[in-house]
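Below is one structure; the comments refer to it alone.
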There are 2 protein chains.
Amino acid sequence: MSIRNSLLALLERGPMHGYQLRVAFEESVGGTWSLNIGQVYTTLARLERDELVAPLPESEGQRPYEITDRGRAELARWFATPIERSDRPRDELAIKLALAMTTPGVDLTAVVQTQRVAGIRALQEYTRLKAHGSGDPDDLSWLLVLEAMIFQCEAEIRWLDFCESTILRKRTARPVTRVDVHEETGA
Amino acid sequence: MSIRNSLLALLERGPMHGYQLRVAFEESVGGTWSLNIGQVYTTLARLERDELVAPLPESEGQRPYEITDRGRAELARWFATPIERSDRPRDELAIKLALAMTTPGVDLTAVVQTQRVAGIRALQEYTRLKAHGSGDPDDLSWLLVLEAMIFQCEAEIRWLDFCESTILRKRTARPVTRVDVHEETGA
DNA sequence: CGACACATGTAACACGTTACATGATTTG
DNA sequence: CAAATCATGTAACGTGTTACATGTGTCG
């Protein structure tokens, strides 16, 4: 859904053809995510089918599109509606950790540590990028996207720390002793 | 990819059939994400094709599967490999904000505020869930998943605050004055 | 001329969702 | 008996990826 709406937003700046849309998108997110050119054309085809964009007369082998009024309405709806938690893709890392807890033969702390190292590494890379960033004041959107990645990364590392301490606490909390057995049978 | 690996992890506990896998998955993530039953069967079919699981003799209309050695190896690989930033889906919210900045006629602060309200609401809901959570010590994985959502949600709100202050700073930083005009033409 | 950027597309496939179709078993 | 739960699947569609095919223009 995000690509569809992104293309609409870019066309709101003015008519563009597929190749330009791809370049404009990647520029907008500061190269953080690339956009497959094939997807641009298939998405444009669907947008045209839904009458959210309309093709302009082609010239020199280029097929520019313009946004329609319906497209503009759809775009306004996108910006006016918050992205809910339920809209988001499943969190693969959370799923992985949750399943690791009940899968036999898995070294939980190793999984957490491996992920933690990757997180720290990513955070360093982001910090490096921010340091010798373009400096271009025009790249405000690039800064925001980068900062989003940093906030997420930090939150993930803190969560992994939480996981580790929770796991350790659980492990030390119930050493099986004779007393425990008595309590359990008594309950 | 996460469902594929999740099914392998669940089958590592022992043979199960499709319906059971779905229930077990949703239980593992504390009902945070639901799993479409149709997808379970199509994913099982692909896993069987790739020889990561094998069907057991069916009984009473049930088609249980067991994990194979290749499946076990694949699962071990999953747990040993960190999920990299590049593996993650594009962040729709970051994209939306980035595009909102360069789309004409968009009230940026309104977009940020709408999203912020939704974030606060979600956070309250999570806190409520945590409060009268199952209390079940067996639900450790449920606690971890919930906490992941809370960490993410908080990070998002902090990021939105960052966005707003950055946007405001930009807006007040360059009031177009006669002096500015001179500087620009001079540059 | 050859490499590279520009430009448009198609095919095949994985993953994900909703909806539909079917039947057995259990339980009020 | 009727409704709910258990259980298995298919179809259609959207989204996303990789790879392939094709052609123009430009520049060293």
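Here, A, B, ... name the chains of the structure tokens in the order displayed, residue numbers run from 1 inside each chain, and ligands are numbered from 1 in the same displayed order.
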Exercise for the section: For DA21 of chain D, please output as a PyMOL selection string all residues within 12 Å (counting only C-alpha atoms (C1' of nucleotides); exclusion window: fewer than 6 positions along the same chain). Expected result: chain C and resi 8-11
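The neighbours of segment 114-129 of chain B here are the residues that come within 10 Å of it, using only C-alpha atoms (C1' of nucleotides) and leaving out any residue fewer than 4 positions away in the same chain; they are Phe79, Ala80, Thr81, Pro82, Ile83, Glu84, Arg85 and Ser86 of chain A; Leu93, Thr109, Ala110, Gly133, Ser134, Leu143, Leu146, Glu147, Met149, Ile150, Phe151, Gln152, Cys153, Glu154, Ala155, Glu156, Ile157, Arg158, Trp159, Leu160 and Asp161 of chain B.
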Can those selected residues be exported to a file as an mmCIF file, in the first residue's frame so that it contains N, CA and C atoms?
data_model
loop_
_atom_site.group_PDB
_atom_site.id
_atom_site.type_symbol
_atom_site.label_atom_id
_atom_site.label_comp_id
_atom_site.auth_asym_id
_atom_site.auth_seq_id
_atom_site.Cartn_x
_atom_site.Cartn_y
_atom_site.Cartn_z
ATOM 1 N N PHE A 79 -3.023 10.848 3.991
ATOM 2 C CA PHE A 79 -2.340 11.753 4.916
ATOM 3 C C PHE A 79 -3.192 12.046 6.149
ATOM 4 N N ALA A 80 -4.503 11.944 6.001
ATOM 5 C CA ALA A 80 -5.393 12.278 7.126
ATOM 6 C C ALA A 80 -5.590 11.104 8.082
ATOM 7 N N THR A 81 -5.269 9.894 7.626
ATOM 8 C CA THR A 81 -5.509 8.691 8.434
ATOM 9 C C THR A 81 -4.215 8.181 9.048
ATOM 10 N N PRO A 82 -4.179 7.994 10.362
ATOM 11 C CA PRO A 82 -2.954 7.477 10.963
ATOM 12 C C PRO A 82 -2.725 6.022 10.584
ATOM 13 N N ILE A 83 -1.481 5.604 10.584
ATOM 14 C CA ILE A 83 -1.153 4.203 10.349
ATOM 15 C C ILE A 83 -1.305 3.483 11.684
ATOM 16 N N GLU A 84 -2.246 2.564 11.742
ATOM 17 C CA GLU A 84 -2.519 1.861 12.990
ATOM 18 C C GLU A 84 -1.535 0.709 13.183
ATOM 19 N N ARG A 85 -1.429 0.275 14.415
ATOM 20 C CA ARG A 85 -0.568 -0.869 14.732
ATOM 21 C C ARG A 85 -0.966 -2.103 13.932
ATOM 22 N N SER A 86 -2.272 -2.269 13.778
ATOM 23 C CA SER A 86 -2.770 -3.463 13.080
ATOM 24 C C SER A 86 -2.428 -3.434 11.588
ATOM 25 N N LEU B 93 5.423 4.473 7.788
ATOM 26 C CA LEU B 93 5.259 5.766 8.461
ATOM 27 C C LEU B 93 6.370 6.728 8.092
ATOM 28 N N THR B 109 2.251 19.280 10.283
ATOM 29 C CA THR B 109 2.062 19.114 11.725
ATOM 30 C C THR B 109 0.774 18.351 12.013
ATOM 31 N N ALA B 110 -0.235 18.514 11.170
ATOM 32 C CA ALA B 110 -1.478 17.764 11.358
ATOM 33 C C ALA B 110 -1.241 16.273 11.179
ATOM 34 N N GLY B 133 -2.740 -8.744 32.521
ATOM 35 C CA GLY B 133 -2.232 -9.819 31.667
ATOM 36 C C GLY B 133 -2.476 -11.138 32.364
ATOM 37 N N SER B 134 -2.272 -12.207 31.646
ATOM 38 C CA SER B 134 -2.655 -13.530 32.143
ATOM 39 C C SER B 134 -2.001 -13.900 33.478
ATOM 40 N N LEU B 143 4.666 -11.866 27.214
ATOM 41 C CA LEU B 143 5.176 -10.637 27.838
ATOM 42 C C LEU B 143 6.236 -9.980 26.957
ATOM 43 N N LEU B 146 4.631 -8.347 23.909
ATOM 44 C CA LEU B 146 3.919 -7.139 24.325
ATOM 45 C C LEU B 146 4.909 -6.012 24.595
ATOM 46 N N GLU B 147 5.985 -6.365 25.271
ATOM 47 C CA GLU B 147 7.003 -5.361 25.608
ATOM 48 C C GLU B 147 7.668 -4.830 24.327
ATOM 49 N N MET B 149 6.188 -4.422 21.490
ATOM 50 C CA MET B 149 5.234 -3.451 20.941
ATOM 51 C C MET B 149 5.311 -2.123 21.698
ATOM 52 N N ILE B 150 5.477 -2.219 23.023
ATOM 53 C CA ILE B 150 5.552 -1.006 23.848
ATOM 54 C C ILE B 150 6.813 -0.207 23.529
ATOM 55 N N PHE B 151 7.939 -0.906 23.443
ATOM 56 C CA PHE B 151 9.197 -0.217 23.113
ATOM 57 C C PHE B 151 9.092 0.478 21.757
ATOM 58 N N GLN B 152 8.536 -0.221 20.773
ATOM 59 C CA GLN B 152 8.394 0.339 19.430
ATOM 60 C C GLN B 152 7.490 1.556 19.431
ATOM 61 N N CYS B 153 6.402 1.423 20.166
ATOM 62 C CA CYS B 153 5.402 2.476 20.218
ATOM 63 C C CYS B 153 5.991 3.736 20.849
ATOM 64 N N GLU B 154 6.712 3.560 21.929
ATOM 65 C CA GLU B 154 7.351 4.687 22.602
ATOM 66 C C GLU B 154 8.377 5.346 21.688
ATOM 67 N N ALA B 155 9.153 4.528 21.007
ATOM 68 C CA ALA B 155 10.174 5.057 20.102
ATOM 69 C C ALA B 155 9.514 5.876 18.992
ATOM 70 N N GLU B 156 8.381 5.377 18.516
ATOM 71 C CA GLU B 156 7.682 6.075 17.436
ATOM 72 C C GLU B 156 7.186 7.441 17.893
ATOM 73 N N ILE B 157 6.642 7.484 19.117
ATOM 74 C CA ILE B 157 6.139 8.752 19.648
ATOM 75 C C ILE B 157 7.283 9.743 19.829
ATOM 76 N N ARG B 158 8.402 9.243 20.365
ATOM 77 C CA ARG B 158 9.556 10.119 20.523
ATOM 78 C C ARG B 158 10.033 10.629 19.157
ATOM 79 N N TRP B 159 9.987 9.759 18.161
ATOM 80 C CA TRP B 159 10.413 10.162 16.820
ATOM 81 C C TRP B 159 9.484 11.251 16.263
ATOM 82 N N LEU B 160 8.190 11.058 16.488
ATOM 83 C CA LEU B 160 7.225 12.049 16.009
ATOM 84 C C LEU B 160 7.469 13.401 16.677
ATOM 85 N N ASP B 161 7.812 13.378 17.958
ATOM 86 C CA ASP B 161 8.156 14.621 18.660
ATOM 87 C C ASP B 161 9.376 15.263 18.004
#
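Contacts from chain D to chain A at a cut-off of 9 Å (only C-alpha atoms (C1' of nucleotides)) map to DG14, DT15, DG16, DT17 and DT24 of chain D.
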Let me see the file: selected residues, all heavy atoms, as a short mmCIF file (atom, residue, chain, number, x, y, z; two decimals), in the first residue's frame.
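Result file is again_31.cif:
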data_model
loop_
_atom_site.label_atom_id
_atom_site.label_comp_id
_atom_site.auth_asym_id
_atom_site.auth_seq_id
_atom_site.Cartn_x
_atom_site.Cartn_y
_atom_site.Cartn_z
P DG D 14 -6.21 -6.62 -7.36
OP1 DG D 14 -7.16 -5.51 -7.47
OP2 DG D 14 -5.44 -7.07 -8.54
"O5'" DG D 14 -5.19 -6.29 -6.20
"C5'" DG D 14 -5.65 -6.21 -4.85
"C4'" DG D 14 -4.45 -6.13 -3.92
"O4'" DG D 14 -3.89 -7.45 -3.76
"C3'" DG D 14 -3.31 -5.25 -4.44
"O3'" DG D 14 -2.85 -4.45 -3.35
"C2'" DG D 14 -2.26 -6.24 -4.93
"C1'" DG D 14 -2.50 -7.43 -4.02
N9 DG D 14 -2.14 -8.74 -4.58
C8 DG D 14 -2.53 -9.26 -5.78
N7 DG D 14 -2.03 -10.46 -6.01
C5 DG D 14 -1.28 -10.73 -4.89
C6 DG D 14 -0.50 -11.87 -4.56
O6 DG D 14 -0.32 -12.90 -5.22
N1 DG D 14 0.11 -11.73 -3.32
C2 DG D 14 -0.02 -10.63 -2.50
N2 DG D 14 0.64 -10.67 -1.35
N3 DG D 14 -0.74 -9.57 -2.79
C4 DG D 14 -1.34 -9.68 -4.00
P DT D 15 -1.81 -3.27 -3.56
OP1 DT D 15 -2.14 -2.25 -2.55
OP2 DT D 15 -1.68 -2.93 -5.00
"O5'" DT D 15 -0.46 -3.96 -3.10
"C5'" DT D 15 -0.39 -4.55 -1.81
"C4'" DT D 15 0.91 -5.29 -1.68
"O4'" DT D 15 0.87 -6.50 -2.46
"C3'" DT D 15 2.14 -4.51 -2.18
"O3'" DT D 15 3.04 -4.42 -1.10
"C2'" DT D 15 2.66 -5.35 -3.35
"C1'" DT D 15 2.17 -6.73 -2.96
N1 DT D 15 2.05 -7.76 -4.02
C2 DT D 15 2.69 -8.96 -3.81
O2 DT D 15 3.35 -9.20 -2.82
N3 DT D 15 2.53 -9.88 -4.83
C4 DT D 15 1.81 -9.72 -5.99
O4 DT D 15 1.74 -10.62 -6.82
C5 DT D 15 1.16 -8.44 -6.14
C7 DT D 15 0.35 -8.15 -7.38
C6 DT D 15 1.30 -7.53 -5.16
P DG D 16 4.27 -3.37 -1.16
OP1 DG D 16 4.55 -2.96 0.23
OP2 DG D 16 4.00 -2.35 -2.21
"O5'" DG D 16 5.48 -4.27 -1.67
"C5'" DG D 16 5.99 -5.29 -0.80
"C4'" DG D 16 6.89 -6.20 -1.60
"O4'" DG D 16 6.09 -7.00 -2.50
"C3'" DG D 16 7.88 -5.50 -2.51
"O3'" DG D 16 9.17 -5.49 -1.87
"C2'" DG D 16 7.90 -6.33 -3.79
"C1'" DG D 16 6.97 -7.48 -3.48
N9 DG D 16 6.17 -7.89 -4.65
C8 DG D 16 5.19 -7.20 -5.30
N7 DG D 16 4.68 -7.84 -6.32
C5 DG D 16 5.37 -9.03 -6.34
C6 DG D 16 5.27 -10.14 -7.22
O6 DG D 16 4.53 -10.28 -8.19
N1 DG D 16 6.16 -11.14 -6.89
C2 DG D 16 7.05 -11.09 -5.83
N2 DG D 16 7.85 -12.15 -5.66
N3 DG D 16 7.15 -10.08 -5.00
C4 DG D 16 6.29 -9.08 -5.31
P DT D 17 10.48 -5.09 -2.80
OP1 DT D 17 11.53 -4.67 -1.84
OP2 DT D 17 10.08 -4.19 -3.91
"O5'" DT D 17 10.92 -6.48 -3.43
"C5'" DT D 17 11.15 -7.60 -2.58
"C4'" DT D 17 11.76 -8.73 -3.39
"O4'" DT D 17 10.71 -9.29 -4.24
"C3'" DT D 17 12.86 -8.24 -4.33
"O3'" DT D 17 14.11 -8.82 -3.97
"C2'" DT D 17 12.44 -8.70 -5.71
"C1'" DT D 17 11.26 -9.60 -5.50
N1 DT D 17 10.20 -9.34 -6.52
C2 DT D 17 9.89 -10.31 -7.43
O2 DT D 17 10.45 -11.39 -7.45
N3 DT D 17 8.92 -9.98 -8.34
C4 DT D 17 8.22 -8.78 -8.41
O4 DT D 17 7.37 -8.61 -9.26
C5 DT D 17 8.60 -7.80 -7.42
C7 DT D 17 7.92 -6.48 -7.40
C6 DT D 17 9.56 -8.12 -6.53
P DT D 24 15.72 1.82 -31.14
OP1 DT D 24 14.99 2.46 -32.25
OP2 DT D 24 17.02 1.13 -31.38
"O5'" DT D 24 15.96 2.91 -30.01
"C5'" DT D 24 14.86 3.72 -29.53
"C4'" DT D 24 15.41 4.82 -28.64
"O4'" DT D 24 16.06 4.20 -27.51
"C3'" DT D 24 16.45 5.71 -29.32
"O3'" DT D 24 16.09 7.06 -29.12
"C2'" DT D 24 17.76 5.32 -28.64
"C1'" DT D 24 17.30 4.84 -27.29
N1 DT D 24 18.18 3.85 -26.63
C2 DT D 24 18.75 4.17 -25.42
O2 DT D 24 18.58 5.24 -24.87
N3 DT D 24 19.55 3.20 -24.88
C4 DT D 24 19.82 1.94 -25.41
O4 DT D 24 20.54 1.13 -24.82
C5 DT D 24 19.19 1.67 -26.67
C7 DT D 24 19.41 0.34 -27.33
C6 DT D 24 18.41 2.63 -27.23
#
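On the backbone of this structure, DSSP gives strand (DSSP E or B) within segment 27-148 of chain A to Val53, Ala54, Pro55, Ser59, Gln62, Tyr65, Glu66 and Ile67 of chain A.
Taking atom CA of Arg169 of chain A and atom CA of Leu108 of chain A as endpoints, the distance between them is 13.2 Å.
For chain A, the residues within 9 Å of chain C are His17, Gly18, Tyr19, Gly38, Tyr41, Gly61, Gln62 and Arg63 of chain A, with only C-alpha atoms (C1' of nucleotides) used to measure distance.
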Could those selected residues go to a file with N, CA, C and O atoms, as a PDB file, in the first residue's frame?
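Okay, selection-v8.pdb is ready:
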ATOM      1  N   HIS A  17       7.031  10.145 -15.440  1.00  0.00           N
ATOM      2  CA  HIS A  17       6.955   8.781 -15.962  1.00  0.00           C
ATOM      3  C   HIS A  17       7.628   7.826 -14.987  1.00  0.00           C
ATOM      4  O   HIS A  17       8.249   8.258 -14.010  1.00  0.00           O
ATOM      5  N   GLY A  18       7.466   6.523 -15.254  1.00  0.00           N
ATOM      6  CA  GLY A  18       7.894   5.492 -14.318  1.00  0.00           C
ATOM      7  C   GLY A  18       9.308   5.625 -13.801  1.00  0.00           C
ATOM      8  O   GLY A  18       9.550   5.598 -12.591  1.00  0.00           O
ATOM      9  N   TYR A  19      10.214   5.802 -14.721  1.00  0.00           N
ATOM     10  CA  TYR A  19      11.624   5.873 -14.329  1.00  0.00           C
ATOM     11  C   TYR A  19      11.877   7.040 -13.381  1.00  0.00           C
ATOM     12  O   TYR A  19      12.577   6.913 -12.374  1.00  0.00           O
ATOM     13  N   GLY A  38      10.238  -2.596 -11.891  1.00  0.00           N
ATOM     14  CA  GLY A  38       9.104  -3.401 -12.352  1.00  0.00           C
ATOM     15  C   GLY A  38       7.847  -3.091 -11.568  1.00  0.00           C
ATOM     16  O   GLY A  38       6.760  -2.961 -12.130  1.00  0.00           O
ATOM     17  N   TYR A  41       5.912   0.070 -12.626  1.00  0.00           N
ATOM     18  CA  TYR A  41       5.030  -0.035 -13.783  1.00  0.00           C
ATOM     19  C   TYR A  41       3.749  -0.809 -13.466  1.00  0.00           C
ATOM     20  O   TYR A  41       2.661  -0.425 -13.884  1.00  0.00           O
ATOM     21  N   GLY A  61       9.107   7.980 -26.497  1.00  0.00           N
ATOM     22  CA  GLY A  61       9.173   6.716 -25.780  1.00  0.00           C
ATOM     23  C   GLY A  61       8.888   6.807 -24.296  1.00  0.00           C
ATOM     24  O   GLY A  61       9.039   5.837 -23.568  1.00  0.00           O
ATOM     25  N   GLN A  62       8.469   7.997 -23.839  1.00  0.00           N
ATOM     26  CA  GLN A  62       8.145   8.155 -22.423  1.00  0.00           C
ATOM     27  C   GLN A  62       6.630   8.167 -22.226  1.00  0.00           C
ATOM     28  O   GLN A  62       5.902   8.699 -23.040  1.00  0.00           O
ATOM     29  N   ARG A  63       6.188   7.550 -21.099  1.00  0.00           N
ATOM     30  CA  ARG A  63       4.756   7.484 -20.820  1.00  0.00           C
ATOM     31  C   ARG A  63       4.460   8.200 -19.491  1.00  0.00           C
ATOM     32  O   ARG A  63       4.284   7.552 -18.465  1.00  0.00           O
TER      33      ARG A  63
END
